[in-house]
$ cat final-v9.cif   # mmCIF, C-alpha atoms and all ligand atoms
data_entry
#
loop_
_atom_site.label_atom_id
_atom_site.label_comp_id
_atom_site.auth_asym_id
_atom_site.auth_seq_id
_atom_site.Cartn_x
_atom_site.Cartn_y
_atom_site.Cartn_z
CA MET X 205 0.00 0.00 0.00
CA ASP X 206 1.51 3.30 -0.94
CA LYS X 207 1.44 6.36 1.33
CA ASP X 208 -1.63 7.91 -0.33
CA ASP X 209 -3.61 4.69 0.12
CA GLY X 210 -2.59 4.66 3.78
CA THR X 211 -3.75 8.25 4.22
CA LEU X 212 -7.03 7.50 2.46
CA LEU X 213 -7.62 4.47 4.70
CA ASP X 214 -6.85 6.60 7.70
CA ASP X 215 -9.42 9.16 6.57
CA ILE X 216 -12.09 6.51 5.96
CA VAL X 217 -11.54 4.96 9.40
CA LYS X 218 -11.78 8.39 11.04
CA THR X 219 -14.93 9.26 9.11
CA LEU X 220 -16.56 5.93 10.07
CA GLN X 221 -15.67 6.54 13.70
CA VAL X 222 -17.40 9.91 13.62
CA GLU X 223 -20.38 8.49 11.71
CA GLY X 224 -20.63 5.87 14.43
CA GLU X 225 -20.70 8.59 17.05
CA SER X 226 -23.65 10.20 15.31
CA ALA X 227 -25.90 7.30 16.28
CA LYS X 228 -24.72 7.01 19.85
CA PHE X 229 -26.38 8.14 23.00
CA ALA X 230 -24.21 10.07 25.42
CA ASP X 231 -25.00 9.22 28.98
CA LEU X 232 -26.30 11.98 31.15
CA SER X 233 -27.27 11.00 34.65
CA ALA X 234 -30.87 11.70 35.57
CA ASP X 235 -29.53 13.65 38.54
CA THR X 236 -27.50 15.93 36.33
CA ALA X 237 -30.45 16.40 34.03
CA ALA X 238 -32.74 17.28 36.93
CA GLU X 239 -30.16 19.68 38.30
CA PHE X 240 -31.03 22.56 36.02
CA PHE X 241 -34.17 23.23 38.00
CA SER X 242 -32.93 21.64 41.22
CA GLY X 243 -35.12 18.59 40.88
CA SER X 244 -38.08 20.40 42.39
CA ASP X 245 -38.89 22.01 39.08
CA PRO X 246 -41.23 19.88 37.01
CA ALA X 247 -39.49 20.93 33.80
CA ALA X 248 -36.71 18.51 34.66
CA LYS X 249 -39.21 15.65 34.33
CA HIS X 250 -39.32 16.15 30.57
CA THR X 251 -35.93 14.49 30.28
CA ASP X 252 -35.87 11.39 28.10
CA SER X 253 -34.69 8.59 30.26
CA ARG X 254 -33.36 5.10 29.65
CA ASN X 255 -32.49 2.92 32.62
CA GLY X 256 -32.24 5.95 34.84
CA LYS X 257 -30.03 7.75 32.36
CA ALA X 258 -31.07 10.70 30.26
CA ALA X 259 -29.87 10.69 26.69
CA ILE X 260 -28.45 13.20 24.28
CA VAL X 261 -28.74 12.11 20.69
CA LEU X 262 -25.54 13.05 18.98
CA SER X 263 -26.78 14.09 15.61
CA GLU X 264 -25.24 15.60 12.51
CA ALA X 265 -21.68 14.52 12.85
CA LYS X 266 -21.96 13.45 9.22
CA ASN X 267 -19.41 14.58 6.63
CA GLN X 268 -17.11 15.33 9.48
CA PRO X 269 -13.46 15.92 9.09
CA VAL X 270 -10.75 14.19 8.59
CA SER X 271 -9.18 17.45 9.47
CA GLY X 272 -5.59 16.60 10.32
CA SER X 273 -3.52 19.73 10.20
CA ALA X 274 -0.48 18.00 8.77
CA ARG X 275 -2.21 17.34 5.45
CA ALA X 276 -4.39 20.43 5.36
CA PRO X 277 -3.63 22.82 2.54
CA VAL X 278 -3.19 26.41 3.60
CA GLU X 279 -6.26 28.33 2.45
CA THR X 280 -6.35 32.03 2.97
CA GLN X 281 -9.20 33.32 0.81
CA MET X 282 -12.71 32.56 2.01
CA PRO X 283 -14.80 31.43 -0.97
CA ASP X 284 -18.12 33.13 -1.64
CA LEU X 285 -20.47 31.44 0.84
CA THR X 286 -23.57 33.44 -0.03
CA SER X 287 -25.29 30.86 -2.21
CA MET X 288 -23.92 27.70 -0.59
CA ASP X 289 -26.27 25.08 0.79
CA LEU X 290 -25.56 23.64 4.23
CA GLN X 291 -23.79 20.54 3.00
CA THR X 292 -21.40 22.52 0.80
CA LEU X 293 -20.83 25.02 3.59
CA ARG X 294 -19.94 22.15 5.94
CA GLN X 295 -17.55 20.71 3.39
CA VAL X 296 -15.76 24.04 3.12
CA ALA X 297 -15.69 24.45 6.91
CA VAL X 298 -14.25 21.02 7.65
CA LYS X 299 -11.29 21.77 5.38
CA CYS X 300 -10.73 25.28 6.70
CA THR X 301 -7.19 26.25 7.67
CA ARG X 302 -7.73 30.01 7.68
CA CYS X 303 -6.88 30.55 11.34
CA PRO X 304 -4.42 28.91 13.75
CA LEU X 305 -7.18 26.98 15.54
CA HIS X 306 -7.10 24.35 12.78
CA LYS X 307 -3.67 23.19 13.97
CA ASP X 308 -4.77 21.43 17.15
CA ARG X 309 -8.26 20.36 16.24
CA GLU X 310 -9.45 16.78 16.04
CA HIS X 311 -12.72 17.82 14.41
CA VAL X 312 -14.32 20.91 13.03
CA VAL X 313 -17.49 21.34 15.09
CA PHE X 314 -19.76 22.75 12.45
CA GLY X 315 -23.21 22.64 14.04
CA CYS X 316 -26.11 20.28 14.56
CA GLY X 317 -29.88 20.14 14.37
CA GLN X 318 -32.79 21.04 12.13
CA VAL X 319 -32.49 23.21 9.06
CA PRO X 320 -34.58 25.26 8.88
CA ALA X 321 -35.28 25.55 12.61
CA GLU X 322 -37.46 27.99 14.51
CA LEU X 323 -35.00 28.22 17.36
CA MET X 324 -31.21 28.50 17.20
CA PHE X 325 -28.62 28.55 19.99
CA ILE X 326 -25.17 30.06 19.50
CA GLY X 327 -22.33 29.33 21.90
CA GLU X 328 -18.70 30.33 22.05
CA ALA X 329 -16.39 27.54 20.91
CA PRO X 330 -16.10 23.77 21.11
CA GLY X 331 -14.48 22.25 24.19
CA ALA X 332 -12.54 18.99 24.47
CA GLU X 333 -15.56 16.69 24.27
CA GLU X 334 -17.00 18.56 21.30
CA ASP X 335 -13.62 18.50 19.52
CA SER X 336 -13.38 14.77 20.03
CA LYS X 337 -16.95 14.05 18.83
CA GLY X 338 -17.39 16.76 16.19
CA VAL X 339 -20.73 17.81 17.73
CA PRO X 340 -21.44 21.05 19.65
CA PHE X 341 -22.49 21.10 23.28
CA VAL X 342 -22.03 17.47 24.28
CA GLY X 343 -19.83 18.01 27.35
CA ALA X 344 -21.02 19.08 30.80
CA ALA X 345 -22.25 22.49 29.60
CA GLY X 346 -23.92 20.76 26.67
CA GLN X 347 -25.82 18.41 28.95
CA LEU X 348 -27.12 21.43 30.79
CA LEU X 349 -28.03 23.13 27.50
CA THR X 350 -29.95 20.02 26.44
CA GLN X 351 -31.85 20.16 29.72
CA MET X 352 -32.59 23.85 29.17
CA ILE X 353 -33.95 23.08 25.69
CA LYS X 354 -36.20 20.36 27.09
CA SER X 355 -37.37 22.67 29.83
CA MET X 356 -38.46 25.04 27.05
CA GLN X 357 -40.63 22.22 25.66
CA PHE X 358 -38.41 21.66 22.65
CA GLN X 359 -36.33 18.63 21.79
CA ARG X 360 -32.64 19.12 21.09
CA SER X 361 -33.26 17.73 17.61
CA ASP X 362 -35.90 20.46 16.94
CA VAL X 363 -33.39 23.31 17.23
CA TYR X 364 -30.09 24.25 15.60
CA ILE X 365 -26.92 24.65 17.66
CA SER X 366 -23.64 26.22 16.62
CA ASN X 367 -20.75 28.29 17.90
CA ILE X 368 -18.88 31.47 17.04
CA VAL X 369 -15.75 29.46 16.20
CA LYS X 370 -15.86 25.93 14.85
CA CYS X 371 -12.52 24.70 16.18
CA ARG X 372 -11.48 24.29 19.81
CA PRO X 373 -9.21 27.02 21.17
CA PRO X 374 -6.26 25.47 23.05
CA GLY X 375 -7.01 25.04 26.74
CA ASN X 376 -10.57 26.30 26.12
CA ARG X 377 -9.37 29.88 26.06
CA ILE X 378 -11.66 32.59 24.67
CA PRO X 379 -11.30 32.81 20.88
CA GLU X 380 -9.02 35.57 19.66
CA ASP X 381 -10.73 38.39 17.81
CA SER X 382 -9.00 37.41 14.56
CA GLU X 383 -10.13 33.77 14.96
CA ALA X 384 -13.74 34.78 15.57
CA GLN X 385 -13.76 37.24 12.68
CA THR X 386 -12.26 34.63 10.35
CA CYS X 387 -14.90 32.06 11.30
CA MET X 388 -17.95 34.35 11.37
CA PRO X 389 -18.80 34.05 7.63
CA PHE X 390 -19.67 30.38 8.25
CA LEU X 391 -22.04 31.28 11.08
CA ARG X 392 -23.64 34.14 9.13
CA ARG X 393 -24.45 31.76 6.29
CA GLN X 394 -25.65 29.10 8.78
CA ILE X 395 -28.07 31.64 10.26
CA GLU X 396 -29.40 32.46 6.78
CA LEU X 397 -29.95 28.78 6.04
CA VAL X 398 -31.42 27.91 9.44
CA SER X 399 -33.64 30.99 9.18
CA PRO X 400 -34.70 30.90 12.84
CA LYS X 401 -37.50 32.90 14.37
CA VAL X 402 -35.43 33.36 17.53
CA ILE X 403 -31.71 33.09 18.30
CA VAL X 404 -30.52 32.53 21.87
CA LEU X 405 -26.99 33.83 22.46
CA LEU X 406 -25.13 31.89 25.13
CA GLY X 407 -22.78 34.28 26.89
CA ALA X 408 -20.52 37.22 26.18
CA VAL X 409 -18.70 35.87 23.11
CA PRO X 410 -21.75 35.44 20.84
CA LEU X 411 -23.07 38.74 22.22
CA LYS X 412 -19.90 40.40 20.98
CA TYR X 413 -19.76 38.81 17.54
CA ILE X 414 -23.45 38.63 16.67
CA LEU X 415 -24.60 41.94 18.12
CA ASN X 416 -21.30 43.78 18.47
CA LYS X 417 -22.17 44.49 22.11
CA THR X 418 -20.54 43.91 25.47
CA GLY X 419 -22.05 43.44 28.94
CA ILE X 420 -23.90 40.14 29.11
CA THR X 421 -24.96 40.78 32.71
CA SER X 422 -26.88 43.92 31.79
CA LEU X 423 -28.05 42.81 28.33
CA ARG X 424 -29.27 39.31 29.18
CA GLY X 425 -33.02 39.01 29.15
CA ARG X 426 -33.48 41.95 26.75
CA TRP X 427 -34.72 41.37 23.24
CA GLU X 428 -32.29 42.38 20.51
CA SER X 429 -32.35 41.99 16.73
CA TYR X 430 -30.00 40.48 14.18
CA GLY X 431 -31.10 41.18 10.60
CA GLY X 432 -34.74 41.17 11.68
CA ILE X 433 -34.42 37.96 13.74
CA ARG X 434 -35.33 38.25 17.41
CA VAL X 435 -32.30 37.61 19.61
CA MET X 436 -32.25 36.77 23.32
CA PRO X 437 -28.87 37.01 25.06
CA THR X 438 -28.47 34.95 28.21
CA PHE X 439 -25.72 33.42 30.33
CA HIS X 440 -23.63 30.54 28.99
CA PRO X 441 -24.47 27.12 30.52
CA ALA X 442 -20.82 26.71 31.60
CA TYR X 443 -21.28 29.85 33.72
CA LEU X 444 -24.39 28.28 35.26
CA LEU X 445 -22.39 25.20 36.23
CA ARG X 446 -20.19 27.50 38.32
CA ASN X 447 -22.93 29.90 39.45
CA GLU X 448 -26.02 28.00 40.48
CA ASN X 449 -27.75 31.25 41.48
CA ALA X 450 -27.74 32.52 37.89
CA LYS X 451 -30.05 29.71 36.73
CA LYS X 452 -33.13 31.61 37.78
CA PHE X 453 -32.19 34.51 35.49
CA VAL X 454 -31.62 32.18 32.56
CA TRP X 455 -34.96 30.52 33.20
CA GLU X 456 -36.63 33.96 33.06
CA ASP X 457 -34.89 34.65 29.73
CA LEU X 458 -35.87 31.28 28.30
CA GLN X 459 -39.48 31.75 29.34
CA GLN X 460 -39.56 34.96 27.28
CA VAL X 461 -38.40 32.89 24.32
CA MET X 462 -41.02 30.21 25.04
CA LYS X 463 -43.73 32.88 24.91
CA CYS X 464 -42.71 33.69 21.32
CA PHE X 465 -43.65 30.14 20.44
CA GLY X 466 -46.87 30.14 22.45
CA LYS X 467 -45.30 27.86 25.05
CA VAL X 468 -46.02 28.55 28.68
CA HIS X 469 -44.31 26.93 31.59
CA LYS X 470 -46.91 25.40 33.87
CA PRO X 471 -46.01 24.51 37.45
CA VAL X 472 -46.81 20.88 38.17
CA ARG X 473 -49.90 21.63 40.26
CA GLU X 474 -51.51 23.32 37.20
CA ARG X 475 -50.93 20.40 34.89
CA THR X 476 -53.71 17.98 34.09
CA SER X 477 -51.47 15.12 33.02
N1 LIG X 501 -19.26 25.63 25.06
C1 LIG X 501 -19.58 26.26 23.92
O1 LIG X 501 -19.68 27.49 23.88
N2 LIG X 501 -19.80 25.52 22.84
C2 LIG X 501 -19.75 24.19 22.83
O2 LIG X 501 -20.00 23.58 21.78
C3 LIG X 501 -19.41 23.55 24.04
C4 LIG X 501 -19.17 24.28 25.14
#
$ encode --input "final-v9.cif" --output "structure tokens"
Amino acid sequence: MDKDDGTLLDDIVKTLQVEGESAKFADLSADTAAEFFSGSDPAAKHTDSRNGKAAIVLSEAKNQPVSGSARAPVETQMPDLTSMDLQTLRQVAVKCTRCPLHKDREHVVFGCGQVPAELMFIGEAPGAEEDSKGVPFVGAAGQLLTQMIKSMQFQRSDVYISNIVKCRPPGNRIPEDSEAQTCMPFLRRQIELVSPKVIVLLGAVPLKYILNKTGITSLRGRWESYGGIRVMPTFHPAYLLRNENAKKFVWEDLQQVMKCFGKVHKPVRERTS
């Protein structure tokens, strides 16, 4: 087998591994799932559960990279993304080497969920778990985000989830301005294709790059607009893992979003079933 055949085989094995991940369920303990509303909140009871475990379906890892930096050609010019469909956009993204973040990545974490989708969530950047699986929000913060989505009476598979940057910054540092700016054309085109009614911004980084604003603490919970789409900034789930007290504010923000979809949170005593 010559070197090219070996490389090709390597790529196929990697792709199959990621495809395999797309059908897996990631364990999430029922306790962790209930944690978002401290167990006492009935919203936590909407968690899908198998043998006492909640499940996150890892979807849309298809066409994933094969993104080894050693073989990646250096591409500087961003092609015209304006008329690309999602699959083509993903193919361009998974080969991207336009910023230094490509060097350490295992996968490009492009995005997952429905297209079009009524509701879209935008985070900051993939972490270690996301980099290894090629799917956004599957680590600890992702489990909490999934619980938040269920508490809003949506399924994770109903919504679209992406990040400001598609490759993991080393050590989970905040993306550099140049990295975010380089990656933003992908997200802008994703938003056009997803065409959501509402976007939820998770934390200060998407606030900065989607709305060009700073101050998540004062801007969370206030409706904003991005090209005519309603935008709700709120705290990042990773922040909630460290600051339990902030969950009540996020729940207020999410309830405003639910109202846009005619969904109303009912305390358990008001439910008929
Ligand atoms: N945090 C993010 O902002 N995005 C992810 O995908 C995971 C964690």
$ residues_near_ligand --input "final-v9.cif" --ligand "ligand LIG 501 (chain X)" --cutoff "12 Å" --atoms "all atoms listed in the file" --output "ChimeraX atom specification"
/X:311-316,325-350,364-373,376-379,405-411,439-445
$ residues_around --input "final-v9.cif" --residues "Ile403 in chain X" --least-positions-apart "3" --cutoff "6 Å" --atoms "only C-alpha atoms" --output "JSON, numbers by chain"
{"X": [323, 324, 325, 435]}
$ atom_distance --input "final-v9.cif" --atom1 "CA of Asp284 in chain X" --atom2 "CA of Thr301 in chain X"
15.9 Å
$ closest_residue --input "final-v9.cif" --among "X:Lys354, X:Arg434, X:Arg309, X:Arg302" --to "Gln281 in chain X" --atoms "only C-alpha atoms"
X:Arg302
$ closest_residue --input "final-v9.cif" --among "X:Ile433, X:Met462, X:Leu391, X:Ala450" --to "Thr286 in chain X" --atoms "all atoms listed in the file"
X:Leu391
$ axis_aligned_box --input "final-v9.cif" --around "range 353-356 of chain X" --padding-each-side "4 Å" --output "AutoDock Vina command-line options"
--center_x -36.2 --center_y 22.7 --center_z 27.8 --size_x 12.5 --size_y 12.7 --size_z 12.1
$ decode --input "final-v9.cif" --residues "range 348-369 of chain X" --atoms "N, CA and C atoms" --output "PDB file, in the first residue's frame"
ATOM      1  N   LEU X 348     -26.244  20.426  30.176  1.00  0.00           N
ATOM      2  CA  LEU X 348     -27.122  21.430  30.787  1.00  0.00           C
ATOM      3  C   LEU X 348     -27.931  22.156  29.710  1.00  0.00           C
ATOM      4  N   LEU X 349     -27.294  22.486  28.586  1.00  0.00           N
ATOM      5  CA  LEU X 349     -28.035  23.133  27.495  1.00  0.00           C
ATOM      6  C   LEU X 349     -29.176  22.230  27.013  1.00  0.00           C
ATOM      7  N   THR X 350     -28.904  20.953  26.876  1.00  0.00           N
ATOM      8  CA  THR X 350     -29.952  20.020  26.442  1.00  0.00           C
ATOM      9  C   THR X 350     -31.123  20.039  27.420  1.00  0.00           C
ATOM     10  N   GLN X 351     -30.801  20.094  28.707  1.00  0.00           N
ATOM     11  CA  GLN X 351     -31.855  20.159  29.721  1.00  0.00           C
ATOM     12  C   GLN X 351     -32.633  21.478  29.614  1.00  0.00           C
ATOM     13  N   MET X 352     -31.915  22.555  29.343  1.00  0.00           N
ATOM     14  CA  MET X 352     -32.587  23.851  29.173  1.00  0.00           C
ATOM     15  C   MET X 352     -33.557  23.792  27.997  1.00  0.00           C
ATOM     16  N   ILE X 353     -33.102  23.182  26.900  1.00  0.00           N
ATOM     17  CA  ILE X 353     -33.948  23.083  25.693  1.00  0.00           C
ATOM     18  C   ILE X 353     -35.208  22.277  26.008  1.00  0.00           C
ATOM     19  N   LYS X 354     -35.036  21.191  26.738  1.00  0.00           N
ATOM     20  CA  LYS X 354     -36.202  20.361  27.092  1.00  0.00           C
ATOM     21  C   LYS X 354     -37.138  21.102  28.030  1.00  0.00           C
ATOM     22  N   SER X 355     -36.545  21.880  28.915  1.00  0.00           N
ATOM     23  CA  SER X 355     -37.375  22.674  29.830  1.00  0.00           C
ATOM     24  C   SER X 355     -38.201  23.706  29.072  1.00  0.00           C
ATOM     25  N   MET X 356     -37.709  24.087  27.886  1.00  0.00           N
ATOM     26  CA  MET X 356     -38.460  25.037  27.047  1.00  0.00           C
ATOM     27  C   MET X 356     -39.501  24.332  26.188  1.00  0.00           C
ATOM     28  N   GLN X 357     -39.660  23.039  26.410  1.00  0.00           N
ATOM     29  CA  GLN X 357     -40.627  22.217  25.663  1.00  0.00           C
ATOM     30  C   GLN X 357     -40.248  22.060  24.191  1.00  0.00           C
ATOM     31  N   PHE X 358     -38.950  22.039  23.957  1.00  0.00           N
ATOM     32  CA  PHE X 358     -38.413  21.661  22.650  1.00  0.00           C
ATOM     33  C   PHE X 358     -37.587  20.386  22.850  1.00  0.00           C
ATOM     34  N   GLN X 359     -37.319  19.695  21.773  1.00  0.00           N
ATOM     35  CA  GLN X 359     -36.327  18.626  21.788  1.00  0.00           C
ATOM     36  C   GLN X 359     -35.037  19.197  21.207  1.00  0.00           C
ATOM     37  N   ARG X 360     -33.927  18.665  21.642  1.00  0.00           N
ATOM     38  CA  ARG X 360     -32.644  19.122  21.093  1.00  0.00           C
ATOM     39  C   ARG X 360     -32.624  18.996  19.562  1.00  0.00           C
ATOM     40  N   SER X 361     -33.256  17.940  19.063  1.00  0.00           N
ATOM     41  CA  SER X 361     -33.255  17.726  17.606  1.00  0.00           C
ATOM     42  C   SER X 361     -34.172  18.710  16.865  1.00  0.00           C
ATOM     43  N   ASP X 362     -35.018  19.466  17.589  1.00  0.00           N
ATOM     44  CA  ASP X 362     -35.898  20.459  16.944  1.00  0.00           C
ATOM     45  C   ASP X 362     -35.151  21.747  16.615  1.00  0.00           C
ATOM     46  N   VAL X 363     -34.044  22.002  17.303  1.00  0.00           N
ATOM     47  CA  VAL X 363     -33.393  23.308  17.228  1.00  0.00           C
ATOM     48  C   VAL X 363     -32.064  23.179  16.476  1.00  0.00           C
ATOM     49  N   TYR X 364     -31.417  24.297  16.209  1.00  0.00           N
ATOM     50  CA  TYR X 364     -30.090  24.245  15.598  1.00  0.00           C
ATOM     51  C   TYR X 364     -29.085  24.852  16.572  1.00  0.00           C
ATOM     52  N   ILE X 365     -27.935  24.209  16.691  1.00  0.00           N
ATOM     53  CA  ILE X 365     -26.922  24.650  17.664  1.00  0.00           C
ATOM     54  C   ILE X 365     -25.587  24.839  16.952  1.00  0.00           C
ATOM     55  N   SER X 366     -24.966  25.990  17.184  1.00  0.00           N
ATOM     56  CA  SER X 366     -23.638  26.216  16.620  1.00  0.00           C
ATOM     57  C   SER X 366     -22.831  27.140  17.537  1.00  0.00           C
ATOM     58  N   ASN X 367     -21.668  27.484  17.095  1.00  0.00           N
ATOM     59  CA  ASN X 367     -20.747  28.291  17.898  1.00  0.00           C
ATOM     60  C   ASN X 367     -20.145  29.413  17.062  1.00  0.00           C
ATOM     61  N   ILE X 368     -19.567  30.375  17.737  1.00  0.00           N
ATOM     62  CA  ILE X 368     -18.875  31.471  17.040  1.00  0.00           C
ATOM     63  C   ILE X 368     -17.668  30.931  16.277  1.00  0.00           C
ATOM     64  N   VAL X 369     -16.845  30.117  16.935  1.00  0.00           N
ATOM     65  CA  VAL X 369     -15.748  29.459  16.200  1.00  0.00           C
ATOM     66  C   VAL X 369     -15.992  27.957  16.170  1.00  0.00           C
TER      67      VAL X 369
END
